[in-house]
>>> print(open('run29.pdb').read())   # PDB, N, CA and C atoms
ATOM      1  N   MET P  27       5.760  -8.003 -10.561  1.00  0.00           N
ATOM      2  CA  MET P  27       6.795  -7.337  -9.803  1.00  0.00           C
ATOM      3  C   MET P  27       7.210  -6.088 -10.588  1.00  0.00           C
ATOM      4  N   ARG P  28       7.297  -4.980  -9.872  1.00  0.00           N
ATOM      5  CA  ARG P  28       7.712  -3.735 -10.516  1.00  0.00           C
ATOM      6  C   ARG P  28       8.396  -2.828  -9.499  1.00  0.00           C
ATOM      7  N   LYS P  29       9.099  -1.850 -10.007  1.00  0.00           N
ATOM      8  CA  LYS P  29       9.778  -0.869  -9.154  1.00  0.00           C
ATOM      9  C   LYS P  29       8.750   0.115  -8.613  1.00  0.00           C
ATOM     10  N   LEU P  30       8.863   0.441  -7.320  1.00  0.00           N
ATOM     11  CA  LEU P  30       7.977   1.438  -6.726  1.00  0.00           C
ATOM     12  C   LEU P  30       8.285   2.814  -7.284  1.00  0.00           C
ATOM     13  N   GLU P  31       7.244   3.570  -7.561  1.00  0.00           N
ATOM     14  CA  GLU P  31       7.411   4.961  -7.953  1.00  0.00           C
ATOM     15  C   GLU P  31       7.789   5.758  -6.706  1.00  0.00           C
ATOM     16  N   LYS P  32       8.508   6.860  -6.882  1.00  0.00           N
ATOM     17  CA  LYS P  32       8.936   7.688  -5.747  1.00  0.00           C
ATOM     18  C   LYS P  32       7.741   8.156  -4.918  1.00  0.00           C
ATOM     19  N   HIS P  33       6.674   8.593  -5.578  1.00  0.00           N
ATOM     20  CA  HIS P  33       5.506   9.103  -4.863  1.00  0.00           C
ATOM     21  C   HIS P  33       4.768   7.998  -4.103  1.00  0.00           C
ATOM     22  N   GLU P  34       4.907   6.739  -4.521  1.00  0.00           N
ATOM     23  CA  GLU P  34       4.288   5.635  -3.794  1.00  0.00           C
ATOM     24  C   GLU P  34       5.015   5.399  -2.472  1.00  0.00           C
ATOM     25  N   GLY P  35       6.336   5.406  -2.495  1.00  0.00           N
ATOM     26  CA  GLY P  35       7.123   5.194  -1.282  1.00  0.00           C
ATOM     27  C   GLY P  35       6.871   6.257  -0.234  1.00  0.00           C
ATOM     28  N   ILE P  36       6.639   7.489  -0.683  1.00  0.00           N
ATOM     29  CA  ILE P  36       6.379   8.596   0.242  1.00  0.00           C
ATOM     30  C   ILE P  36       5.092   8.359   1.024  1.00  0.00           C
ATOM     31  N   GLY P  37       4.113   7.729   0.405  1.00  0.00           N
ATOM     32  CA  GLY P  37       2.827   7.496   1.058  1.00  0.00           C
ATOM     33  C   GLY P  37       2.796   6.296   1.986  1.00  0.00           C
ATOM     34  N   LEU P  38       3.870   5.531   2.060  1.00  0.00           N
ATOM     35  CA  LEU P  38       3.906   4.329   2.890  1.00  0.00           C
ATOM     36  C   LEU P  38       4.632   4.597   4.201  1.00  0.00           C
ATOM     37  N   ILE P  39       3.922   4.501   5.309  1.00  0.00           N
ATOM     38  CA  ILE P  39       4.527   4.687   6.629  1.00  0.00           C
ATOM     39  C   ILE P  39       5.349   3.442   6.948  1.00  0.00           C
ATOM     40  N   GLY P  40       6.614   3.653   7.279  1.00  0.00           N
ATOM     41  CA  GLY P  40       7.513   2.547   7.568  1.00  0.00           C
ATOM     42  C   GLY P  40       8.448   2.207   6.425  1.00  0.00           C
ATOM     43  N   TYR P  41       8.170   2.745   5.234  1.00  0.00           N
ATOM     44  CA  TYR P  41       9.036   2.507   4.081  1.00  0.00           C
ATOM     45  C   TYR P  41      10.336   3.268   4.297  1.00  0.00           C
ATOM     46  N   PRO P  42      11.484   2.706   4.070  1.00  0.00           N
ATOM     47  CA  PRO P  42      11.865   1.653   3.150  1.00  0.00           C
ATOM     48  C   PRO P  42      12.078   0.268   3.768  1.00  0.00           C
ATOM     49  N   CYS P  43      11.431  -0.051   4.864  1.00  0.00           N
ATOM     50  CA  CYS P  43      11.556  -1.397   5.430  1.00  0.00           C
ATOM     51  C   CYS P  43      10.919  -2.429   4.504  1.00  0.00           C
ATOM     52  N   ASP P  44      11.582  -3.576   4.376  1.00  0.00           N
ATOM     53  CA  ASP P  44      10.998  -4.686   3.627  1.00  0.00           C
ATOM     54  C   ASP P  44       9.867  -5.282   4.450  1.00  0.00           C
ATOM     55  N   GLY P  45       8.838  -5.777   3.782  1.00  0.00           N
ATOM     56  CA  GLY P  45       7.766  -6.461   4.493  1.00  0.00           C
ATOM     57  C   GLY P  45       6.413  -6.263   3.861  1.00  0.00           C
ATOM     58  N   GLU P  46       5.392  -6.547   4.671  1.00  0.00           N
ATOM     59  CA  GLU P  46       4.003  -6.444   4.241  1.00  0.00           C
ATOM     60  C   GLU P  46       3.455  -5.079   4.658  1.00  0.00           C
ATOM     61  N   TYR P  47       2.759  -4.424   3.741  1.00  0.00           N
ATOM     62  CA  TYR P  47       2.142  -3.127   4.011  1.00  0.00           C
ATOM     63  C   TYR P  47       0.643  -3.244   3.767  1.00  0.00           C
ATOM     64  N   LEU P  48      -0.148  -2.730   4.680  1.00  0.00           N
ATOM     65  CA  LEU P  48      -1.575  -2.575   4.470  1.00  0.00           C
ATOM     66  C   LEU P  48      -1.724  -1.279   3.697  1.00  0.00           C
ATOM     67  N   ALA P  49      -2.268  -1.343   2.491  1.00  0.00           N
ATOM     68  CA  ALA P  49      -2.246  -0.167   1.617  1.00  0.00           C
ATOM     69  C   ALA P  49      -3.551  -0.005   0.846  1.00  0.00           C
ATOM     70  N   VAL P  50      -3.757   1.206   0.362  1.00  0.00           N
ATOM     71  CA  VAL P  50      -4.868   1.523  -0.538  1.00  0.00           C
ATOM     72  C   VAL P  50      -4.269   1.742  -1.917  1.00  0.00           C
ATOM     73  N   VAL P  51      -4.840   1.072  -2.922  1.00  0.00           N
ATOM     74  CA  VAL P  51      -4.354   1.235  -4.291  1.00  0.00           C
ATOM     75  C   VAL P  51      -5.452   1.771  -5.195  1.00  0.00           C
ATOM     76  N   ASP P  52      -5.050   2.525  -6.183  1.00  0.00           N
ATOM     77  CA  ASP P  52      -5.942   3.038  -7.216  1.00  0.00           C
ATOM     78  C   ASP P  52      -5.833   2.088  -8.395  1.00  0.00           C
ATOM     79  N   SER P  53      -6.936   1.437  -8.738  1.00  0.00           N
ATOM     80  CA  SER P  53      -6.930   0.413  -9.786  1.00  0.00           C
ATOM     81  C   SER P  53      -7.402   0.933 -11.138  1.00  0.00           C
ATOM     82  N   ARG P  54      -7.542   2.235 -11.285  1.00  0.00           N
ATOM     83  CA  ARG P  54      -8.069   2.775 -12.543  1.00  0.00           C
ATOM     84  C   ARG P  54      -7.010   2.946 -13.614  1.00  0.00           C
ATOM     85  N   ARG P  55      -5.766   2.754 -13.282  1.00  0.00           N
ATOM     86  CA  ARG P  55      -4.678   2.944 -14.243  1.00  0.00           C
ATOM     87  C   ARG P  55      -4.289   1.605 -14.863  1.00  0.00           C
ATOM     88  N   GLU P  56      -3.266   1.607 -15.703  1.00  0.00           N
ATOM     89  CA  GLU P  56      -2.820   0.359 -16.328  1.00  0.00           C
ATOM     90  C   GLU P  56      -2.220  -0.613 -15.319  1.00  0.00           C
ATOM     91  N   TYR P  57      -1.758  -0.087 -14.172  1.00  0.00           N
ATOM     92  CA  TYR P  57      -1.307  -0.934 -13.073  1.00  0.00           C
ATOM     93  C   TYR P  57      -1.784  -0.319 -11.767  1.00  0.00           C
ATOM     94  N   ASP P  58      -1.816  -1.117 -10.695  1.00  0.00           N
ATOM     95  CA  ASP P  58      -2.265  -0.626  -9.397  1.00  0.00           C
ATOM     96  C   ASP P  58      -1.251   0.359  -8.833  1.00  0.00           C
ATOM     97  N   TRP P  59      -1.696   1.552  -8.505  1.00  0.00           N
ATOM     98  CA  TRP P  59      -0.855   2.635  -8.012  1.00  0.00           C
ATOM     99  C   TRP P  59      -1.132   2.809  -6.518  1.00  0.00           C
ATOM    100  N   ILE P  60      -0.102   2.699  -5.675  1.00  0.00           N
ATOM    101  CA  ILE P  60      -0.273   2.787  -4.229  1.00  0.00           C
ATOM    102  C   ILE P  60      -0.501   4.238  -3.819  1.00  0.00           C
ATOM    103  N   LEU P  61      -1.622   4.472  -3.116  1.00  0.00           N
ATOM    104  CA  LEU P  61      -1.953   5.807  -2.643  1.00  0.00           C
ATOM    105  C   LEU P  61      -1.387   6.074  -1.250  1.00  0.00           C
ATOM    106  N   GLY P  62      -1.216   5.021  -0.442  1.00  0.00           N
ATOM    107  CA  GLY P  62      -0.688   5.169   0.910  1.00  0.00           C
ATOM    108  C   GLY P  62      -0.933   3.919   1.718  1.00  0.00           C
ATOM    109  N   GLY P  63      -0.294   3.837   2.878  1.00  0.00           N
ATOM    110  CA  GLY P  63      -0.490   2.684   3.744  1.00  0.00           C
ATOM    111  C   GLY P  63       0.523   2.647   4.867  1.00  0.00           C
ATOM    112  N   ASP P  64       0.485   1.531   5.628  1.00  0.00           N
ATOM    113  CA  ASP P  64       1.338   1.343   6.794  1.00  0.00           C
ATOM    114  C   ASP P  64       2.031  -0.010   6.737  1.00  0.00           C
ATOM    115  N   LEU P  65       3.257  -0.063   7.262  1.00  0.00           N
ATOM    116  CA  LEU P  65       3.962  -1.324   7.449  1.00  0.00           C
ATOM    117  C   LEU P  65       3.159  -2.149   8.445  1.00  0.00           C
ATOM    118  N   CYS P  66       2.903  -3.415   8.127  1.00  0.00           N
ATOM    119  CA  CYS P  66       2.090  -4.268   9.003  1.00  0.00           C
ATOM    120  C   CYS P  66       2.750  -4.453  10.360  1.00  0.00           C
ATOM    121  N   GLU P  67       1.912  -4.399  11.375  1.00  0.00           N
ATOM    122  CA  GLU P  67       2.320  -4.591  12.761  1.00  0.00           C
ATOM    123  C   GLU P  67       3.379  -3.588  13.198  1.00  0.00           C
ATOM    124  N   LEU P  68       3.329  -2.390  12.629  1.00  0.00           N
ATOM    125  CA  LEU P  68       4.243  -1.313  13.019  1.00  0.00           C
ATOM    126  C   LEU P  68       3.987  -0.941  14.473  1.00  0.00           C
ATOM    127  N   ASP P  69       5.005  -0.955  15.288  1.00  0.00           N
ATOM    128  CA  ASP P  69       4.908  -0.653  16.725  1.00  0.00           C
ATOM    129  C   ASP P  69       3.879  -1.531  17.433  1.00  0.00           C
ATOM    130  N   GLY P  70       3.736  -2.781  16.989  1.00  0.00           N
ATOM    131  CA  GLY P  70       2.848  -3.731  17.651  1.00  0.00           C
ATOM    132  C   GLY P  70       1.372  -3.602  17.308  1.00  0.00           C
ATOM    133  N   ALA P  71       1.007  -2.707  16.395  1.00  0.00           N
ATOM    134  CA  ALA P  71      -0.403  -2.534  16.031  1.00  0.00           C
ATOM    135  C   ALA P  71      -0.889  -3.741  15.233  1.00  0.00           C
ATOM    136  N   SER P  72      -2.131  -4.154  15.488  1.00  0.00           N
ATOM    137  CA  SER P  72      -2.710  -5.273  14.735  1.00  0.00           C
ATOM    138  C   SER P  72      -3.170  -4.788  13.360  1.00  0.00           C
ATOM    139  N   LEU P  73      -3.378  -5.727  12.448  1.00  0.00           N
ATOM    140  CA  LEU P  73      -3.880  -5.357  11.118  1.00  0.00           C
ATOM    141  C   LEU P  73      -5.233  -4.660  11.216  1.00  0.00           C
ATOM    142  N   ALA P  74      -6.083  -5.136  12.118  1.00  0.00           N
ATOM    143  CA  ALA P  74      -7.408  -4.510  12.270  1.00  0.00           C
ATOM    144  C   ALA P  74      -7.270  -3.058  12.724  1.00  0.00           C
ATOM    145  N   ASP P  75      -6.355  -2.796  13.675  1.00  0.00           N
ATOM    146  CA  ASP P  75      -6.134  -1.421  14.131  1.00  0.00           C
ATOM    147  C   ASP P  75      -5.629  -0.542  12.990  1.00  0.00           C
ATOM    148  N   GLN P  76      -4.698  -1.077  12.211  1.00  0.00           N
ATOM    149  CA  GLN P  76      -4.141  -0.296  11.111  1.00  0.00           C
ATOM    150  C   GLN P  76      -5.188  -0.019  10.044  1.00  0.00           C
ATOM    151  N   ALA P  77      -5.994  -1.024   9.707  1.00  0.00           N
ATOM    152  CA  ALA P  77      -7.043  -0.829   8.700  1.00  0.00           C
ATOM    153  C   ALA P  77      -8.044   0.218   9.175  1.00  0.00           C
ATOM    154  N   ALA P  78      -8.340   0.233  10.483  1.00  0.00           N
ATOM    155  CA  ALA P  78      -9.285   1.201  11.038  1.00  0.00           C
ATOM    156  C   ALA P  78      -8.743   2.623  10.947  1.00  0.00           C
ATOM    157  N   ASN P  79      -7.425   2.781  10.925  1.00  0.00           N
ATOM    158  CA  ASN P  79      -6.824   4.115  10.878  1.00  0.00           C
ATOM    159  C   ASN P  79      -6.614   4.652   9.468  1.00  0.00           C
ATOM    160  N   LEU P  80      -6.807   3.823   8.461  1.00  0.00           N
ATOM    161  CA  LEU P  80      -6.697   4.310   7.089  1.00  0.00           C
ATOM    162  C   LEU P  80      -7.923   5.172   6.777  1.00  0.00           C
ATOM    163  N   PRO P  81      -7.841   6.019   5.765  1.00  0.00           N
ATOM    164  CA  PRO P  81      -8.971   6.898   5.441  1.00  0.00           C
ATOM    165  C   PRO P  81     -10.270   6.111   5.235  1.00  0.00           C
ATOM    166  N   ARG P  82     -11.347   6.680   5.704  1.00  0.00           N
ATOM    167  CA  ARG P  82     -12.659   6.017   5.588  1.00  0.00           C
ATOM    168  C   ARG P  82     -13.220   6.096   4.171  1.00  0.00           C
ATOM    169  N   TYR P  83     -12.870   7.121   3.463  1.00  0.00           N
ATOM    170  CA  TYR P  83     -13.438   7.318   2.132  1.00  0.00           C
ATOM    171  C   TYR P  83     -12.325   7.248   1.104  1.00  0.00           C
ATOM    172  N   TYR P  84     -12.376   6.251   0.299  1.00  0.00           N
ATOM    173  CA  TYR P  84     -11.366   6.045  -0.722  1.00  0.00           C
ATOM    174  C   TYR P  84     -11.860   6.608  -2.044  1.00  0.00           C
ATOM    175  N   PRO P  85     -10.950   7.032  -2.906  1.00  0.00           N
ATOM    176  CA  PRO P  85     -11.377   7.493  -4.235  1.00  0.00           C
ATOM    177  C   PRO P  85     -12.044   6.345  -5.003  1.00  0.00           C
ATOM    178  N   ASP P  86     -12.941   6.692  -5.920  1.00  0.00           N
ATOM    179  CA  ASP P  86     -13.556   5.668  -6.766  1.00  0.00           C
ATOM    180  C   ASP P  86     -12.467   4.862  -7.445  1.00  0.00           C
ATOM    181  N   GLY P  87     -12.652   3.553  -7.502  1.00  0.00           N
ATOM    182  CA  GLY P  87     -11.694   2.691  -8.184  1.00  0.00           C
ATOM    183  C   GLY P  87     -10.538   2.245  -7.313  1.00  0.00           C
ATOM    184  N   SER P  88     -10.570   2.526  -6.012  1.00  0.00           N
ATOM    185  CA  SER P  88      -9.473   2.094  -5.146  1.00  0.00           C
ATOM    186  C   SER P  88      -9.928   0.928  -4.275  1.00  0.00           C
ATOM    187  N   ARG P  89      -8.940   0.214  -3.713  1.00  0.00           N
ATOM    188  CA  ARG P  89      -9.256  -0.920  -2.852  1.00  0.00           C
ATOM    189  C   ARG P  89      -8.147  -1.124  -1.820  1.00  0.00           C
ATOM    190  N   LEU P  90      -8.458  -1.869  -0.766  1.00  0.00           N
ATOM    191  CA  LEU P  90      -7.534  -2.165   0.318  1.00  0.00           C
ATOM    192  C   LEU P  90      -6.777  -3.451  -0.025  1.00  0.00           C
ATOM    193  N   VAL P  91      -5.452  -3.440   0.115  1.00  0.00           N
ATOM    194  CA  VAL P  91      -4.621  -4.596  -0.237  1.00  0.00           C
ATOM    195  C   VAL P  91      -3.506  -4.794   0.790  1.00  0.00           C
ATOM    196  N   LEU P  92      -2.885  -5.961   0.734  1.00  0.00           N
ATOM    197  CA  LEU P  92      -1.622  -6.211   1.414  1.00  0.00           C
ATOM    198  C   LEU P  92      -0.556  -6.185   0.327  1.00  0.00           C
ATOM    199  N   ALA P  93       0.407  -5.304   0.457  1.00  0.00           N
ATOM    200  CA  ALA P  93       1.474  -5.161  -0.537  1.00  0.00           C
ATOM    201  C   ALA P  93       2.771  -5.703   0.055  1.00  0.00           C
ATOM    202  N   THR P  94       3.456  -6.568  -0.680  1.00  0.00           N
ATOM    203  CA  THR P  94       4.754  -7.081  -0.264  1.00  0.00           C
ATOM    204  C   THR P  94       5.829  -6.266  -0.966  1.00  0.00           C
ATOM    205  N   ILE P  95       6.730  -5.666  -0.165  1.00  0.00           N
ATOM    206  CA  ILE P  95       7.779  -4.811  -0.711  1.00  0.00           C
ATOM    207  C   ILE P  95       9.136  -5.305  -0.242  1.00  0.00           C
ATOM    208  N   LYS P  96      10.051  -5.443  -1.186  1.00  0.00           N
ATOM    209  CA  LYS P  96      11.439  -5.804  -0.889  1.00  0.00           C
ATOM    210  C   LYS P  96      12.337  -4.809  -1.608  1.00  0.00           C
ATOM    211  N   GLY P  97      13.140  -4.079  -0.824  1.00  0.00           N
ATOM    212  CA  GLY P  97      13.981  -3.039  -1.415  1.00  0.00           C
ATOM    213  C   GLY P  97      13.097  -1.959  -1.990  1.00  0.00           C
ATOM    214  N   ASP P  98      13.290  -1.662  -3.271  1.00  0.00           N
ATOM    215  CA  ASP P  98      12.435  -0.674  -3.925  1.00  0.00           C
ATOM    216  C   ASP P  98      11.486  -1.335  -4.923  1.00  0.00           C
ATOM    217  N   MET P  99      11.215  -2.643  -4.700  1.00  0.00           N
ATOM    218  CA  MET P  99      10.353  -3.399  -5.612  1.00  0.00           C
ATOM    219  C   MET P  99       9.038  -3.780  -4.941  1.00  0.00           C
ATOM    220  N   LEU P 100       7.941  -3.624  -5.672  1.00  0.00           N
ATOM    221  CA  LEU P 100       6.638  -4.115  -5.255  1.00  0.00           C
ATOM    222  C   LEU P 100       6.556  -5.547  -5.753  1.00  0.00           C
ATOM    223  N   VAL P 101       6.590  -6.504  -4.842  1.00  0.00           N
ATOM    224  CA  VAL P 101       6.660  -7.920  -5.204  1.00  0.00           C
ATOM    225  C   VAL P 101       5.272  -8.508  -5.450  1.00  0.00           C
ATOM    226  N   ALA P 102       4.292  -8.172  -4.585  1.00  0.00           N
ATOM    227  CA  ALA P 102       2.957  -8.746  -4.719  1.00  0.00           C
ATOM    228  C   ALA P 102       1.914  -7.826  -4.110  1.00  0.00           C
ATOM    229  N   LEU P 103       0.699  -7.919  -4.642  1.00  0.00           N
ATOM    230  CA  LEU P 103      -0.473  -7.264  -4.084  1.00  0.00           C
ATOM    231  C   LEU P 103      -1.543  -8.321  -3.868  1.00  0.00           C
ATOM    232  N   ARG P 104      -2.098  -8.366  -2.652  1.00  0.00           N
ATOM    233  CA  ARG P 104      -3.176  -9.311  -2.351  1.00  0.00           C
ATOM    234  C   ARG P 104      -4.338  -8.538  -1.764  1.00  0.00           C
ATOM    235  N   ASP P 105      -5.544  -8.816  -2.248  1.00  0.00           N
ATOM    236  CA  ASP P 105      -6.723  -8.140  -1.710  1.00  0.00           C
ATOM    237  C   ASP P 105      -6.861  -8.470  -0.239  1.00  0.00           C
ATOM    238  N   TYR P 106      -7.224  -7.463   0.564  1.00  0.00           N
ATOM    239  CA  TYR P 106      -7.332  -7.626   2.017  1.00  0.00           C
ATOM    240  C   TYR P 106      -8.690  -8.174   2.346  1.00  0.00           C
TER     241      TYR P 106
END
>>> encode(input="run29.pdb", output="structure tokens")
Amino acid sequence: MRKLEKHEGIGLIGYPCDGEYLAVVDSRREYDWILGGDLCELDGASLADQAANLPRYYPDGSRLVLATIKGDMLVALRDY
């Protein structure tokens, strides 16, 4: 569990709502850094629809995850 960086929150559509976010993280640093993503089921969209709308080409060392966010804290990251 850690505090979200300001630049991470900017890349998350639907933030600052608490919940699950489908996100892309950069794993090349000492901790996983969120590059961007969407609040799950935002406006009724399914996870598959949201994943399809994320960028097709991710930077080397990044991966797709489900991020749990409460307040300004990143609570958990789970591989999608």
>>> resolve_selection(input="run29.pdb", expression="the PyMOL selection byres (((chain P and resi 34-47 and name CA) around 6) and name CA)", output="number ranges by chain")
P: 31-33, 48-49, 60, 62-66, 92-96
>>> closest_residue(input="run29.pdb", among="P:Ala102, P:Met27, P:Ala71, P:Ala77", to="P:Leu90", atoms="only C-alpha atoms")
P:Ala77
>>> resolve_selection(input="run29.pdb", expression="the PyMOL selection byres ((chain P and resi 98) around 5)", output="MDAnalysis selection string")
chainID P and resid 29:30 96:97 99:100
>>> select_by_dssp(input="run29.pdb", residues="chain P", states="strand (DSSP E)", output="PyMOL selection string")
chain P and resi 28-29+38-39+45-52+59-65+88-96+99-105
>>> atom_distance(input="run29.pdb", atom1="atom N of P:Asp105", atom2="atom N of P:Ala78")
15.9 Å
>>> atom_distance(input="run29.pdb", atom1="atom CA of P:Arg54", atom2="atom CA of P:Leu103")
15.2 Å
>>> atom_distance(input="run29.pdb", atom1="atom C of P:Ser88", atom2="atom C of P:Leu61")
10.4 Å
>>> closest_residue(input="run29.pdb", among="P:Tyr84, P:Asn79, P:Gly70, P:Arg28", to="P:Asp58", atoms="only C-alpha atoms")
P:Arg28
>>> closest_residue(input="run29.pdb", among="P:Arg104, P:Glu56, P:Leu68, P:Val50", to="P:Leu80", atoms="only C-alpha atoms")
P:Val50
>>> select_by_dssp(input="run29.pdb", residues="chain P", states="helix (DSSP H, G or I)", output="ChimeraX atom specification")
/P:32-36,68-70,73-79
>>> axis_aligned_box(input="run29.pdb", around="stretch 92-101 of chain P", padding_each_side="5 Å", output="AutoDock Vina command-line options")
--center_x 5.5 --center_y -4.6 --center_z -2.2 --size_x 26.9 --size_y 17.8 --size_z 17.2
>>> resolve_selection(input="run29.pdb", expression="the PyMOL selection byres (((chain P and resi 87 and name CA) around 10) and name CA)", output="ChimeraX atom specification")
/P:51-55,84-86,88-89
>>> write_last_selection(input="run29.pdb", atoms="N, CA and C atoms", output="JSON list (two decimals), keeping the file's coordinate frame")
[["chain", "number", "residue", "atom", "x", "y", "z"],
["P", 51, "VAL", "N", -4.84, 1.07, -2.92],
["P", 51, "VAL", "CA", -4.35, 1.24, -4.29],
["P", 51, "VAL", "C", -5.45, 1.77, -5.20],
["P", 52, "ASP", "N", -5.05, 2.52, -6.18],
["P", 52, "ASP", "CA", -5.94, 3.04, -7.22],
["P", 52, "ASP", "C", -5.83, 2.09, -8.40],
["P", 53, "SER", "N", -6.94, 1.44, -8.74],
["P", 53, "SER", "CA", -6.93, 0.41, -9.79],
["P", 53, "SER", "C", -7.40, 0.93, -11.14],
["P", 54, "ARG", "N", -7.54, 2.24, -11.28],
["P", 54, "ARG", "CA", -8.07, 2.78, -12.54],
["P", 54, "ARG", "C", -7.01, 2.95, -13.61],
["P", 55, "ARG", "N", -5.77, 2.75, -13.28],
["P", 55, "ARG", "CA", -4.68, 2.94, -14.24],
["P", 55, "ARG", "C", -4.29, 1.60, -14.86],
["P", 84, "TYR", "N", -12.38, 6.25, 0.30],
["P", 84, "TYR", "CA", -11.37, 6.04, -0.72],
["P", 84, "TYR", "C", -11.86, 6.61, -2.04],
["P", 85, "PRO", "N", -10.95, 7.03, -2.91],
["P", 85, "PRO", "CA", -11.38, 7.49, -4.24],
["P", 85, "PRO", "C", -12.04, 6.34, -5.00],
["P", 86, "ASP", "N", -12.94, 6.69, -5.92],
["P", 86, "ASP", "CA", -13.56, 5.67, -6.77],
["P", 86, "ASP", "C", -12.47, 4.86, -7.44],
["P", 88, "SER", "N", -10.57, 2.53, -6.01],
["P", 88, "SER", "CA", -9.47, 2.09, -5.15],
["P", 88, "SER", "C", -9.93, 0.93, -4.28],
["P", 89, "ARG", "N", -8.94, 0.21, -3.71],
["P", 89, "ARG", "CA", -9.26, -0.92, -2.85],
["P", 89, "ARG", "C", -8.15, -1.12, -1.82]]
>>> decode(input="run29.pdb", residues="stretch 85-106 of chain P", atoms="N, CA and C atoms", output="mmCIF file, in the first residue's frame")
data_model
loop_
_atom_site.group_PDB
_atom_site.id
_atom_site.type_symbol
_atom_site.label_atom_id
_atom_site.label_comp_id
_atom_site.auth_asym_id
_atom_site.auth_seq_id
_atom_site.Cartn_x
_atom_site.Cartn_y
_atom_site.Cartn_z
ATOM 1 N N PRO P 85 4.920 0.561 -23.332
ATOM 2 C CA PRO P 85 6.384 0.654 -23.237
ATOM 3 C C PRO P 85 6.965 -0.668 -22.719
ATOM 4 N N ASP P 86 8.211 -0.949 -23.088
ATOM 5 C CA ASP P 86 8.877 -2.141 -22.564
ATOM 6 C C ASP P 86 8.822 -2.118 -21.049
ATOM 7 N N GLY P 87 8.550 -3.266 -20.452
ATOM 8 C CA GLY P 87 8.530 -3.368 -18.997
ATOM 9 C C GLY P 87 7.199 -3.007 -18.373
ATOM 10 N N SER P 88 6.153 -2.794 -19.171
ATOM 11 C CA SER P 88 4.852 -2.458 -18.593
ATOM 12 C C SER P 88 3.911 -3.652 -18.706
ATOM 13 N N ARG P 89 2.833 -3.609 -17.906
ATOM 14 C CA ARG P 89 1.857 -4.692 -17.934
ATOM 15 C C ARG P 89 0.475 -4.167 -17.550
ATOM 16 N N LEU P 90 -0.556 -4.939 -17.875
ATOM 17 C CA LEU P 90 -1.943 -4.599 -17.595
ATOM 18 C C LEU P 90 -2.311 -5.156 -16.217
ATOM 19 N N VAL P 91 -2.929 -4.336 -15.367
ATOM 20 C CA VAL P 91 -3.278 -4.744 -14.003
ATOM 21 C C VAL P 91 -4.657 -4.211 -13.615
ATOM 22 N N LEU P 92 -5.191 -4.755 -12.533
ATOM 23 C CA LEU P 92 -6.337 -4.175 -11.846
ATOM 24 C C LEU P 92 -5.776 -3.510 -10.597
ATOM 25 N N ALA P 93 -5.989 -2.223 -10.458
ATOM 26 C CA ALA P 93 -5.475 -1.464 -9.315
ATOM 27 C C ALA P 93 -6.645 -1.096 -8.408
ATOM 28 N N THR P 94 -6.516 -1.367 -7.116
ATOM 29 C CA THR P 94 -7.522 -0.974 -6.139
ATOM 30 C C THR P 94 -7.067 0.322 -5.489
ATOM 31 N N ILE P 95 -7.929 1.354 -5.566
ATOM 32 C CA ILE P 95 -7.588 2.668 -5.030
ATOM 33 C C ILE P 95 -8.657 3.111 -4.047
ATOM 34 N N LYS P 96 -8.215 3.555 -2.884
ATOM 35 C CA LYS P 96 -9.105 4.121 -1.868
ATOM 36 C C LYS P 96 -8.515 5.451 -1.428
ATOM 37 N N GLY P 97 -9.286 6.527 -1.636
ATOM 38 C CA GLY P 97 -8.773 7.859 -1.322
ATOM 39 C C GLY P 97 -7.613 8.168 -2.237
ATOM 40 N N ASP P 98 -6.474 8.512 -1.646
ATOM 41 C CA ASP P 98 -5.283 8.765 -2.455
ATOM 42 C C ASP P 98 -4.249 7.654 -2.283
ATOM 43 N N MET P 99 -4.733 6.455 -1.880
ATOM 44 C CA MET P 99 -3.836 5.323 -1.638
ATOM 45 C C MET P 99 -4.044 4.222 -2.673
ATOM 46 N N LEU P 100 -2.943 3.669 -3.168
ATOM 47 C CA LEU P 100 -2.966 2.487 -4.013
ATOM 48 C C LEU P 100 -2.927 1.300 -3.066
ATOM 49 N N VAL P 101 -4.025 0.571 -2.970
ATOM 50 C CA VAL P 101 -4.157 -0.510 -1.992
ATOM 51 C C VAL P 101 -3.596 -1.826 -2.526
ATOM 52 N N ALA P 102 -3.885 -2.153 -3.802
ATOM 53 C CA ALA P 102 -3.438 -3.425 -4.360
ATOM 54 C C ALA P 102 -3.304 -3.331 -5.870
ATOM 55 N N LEU P 103 -2.408 -4.151 -6.411
ATOM 56 C CA LEU P 103 -2.261 -4.346 -7.844
ATOM 57 C C LEU P 103 -2.365 -5.835 -8.129
ATOM 58 N N ARG P 104 -3.237 -6.201 -9.075
ATOM 59 C CA ARG P 104 -3.378 -7.606 -9.465
ATOM 60 C C ARG P 104 -3.224 -7.701 -10.968
ATOM 61 N N ASP P 105 -2.430 -8.662 -11.427
ATOM 62 C CA ASP P 105 -2.256 -8.844 -12.866
ATOM 63 C C ASP P 105 -3.593 -9.179 -13.493
ATOM 64 N N TYR P 106 -3.860 -8.599 -14.669
ATOM 65 C CA TYR P 106 -5.141 -8.783 -15.355
ATOM 66 C C TYR P 106 -5.084 -10.044 -16.165
#
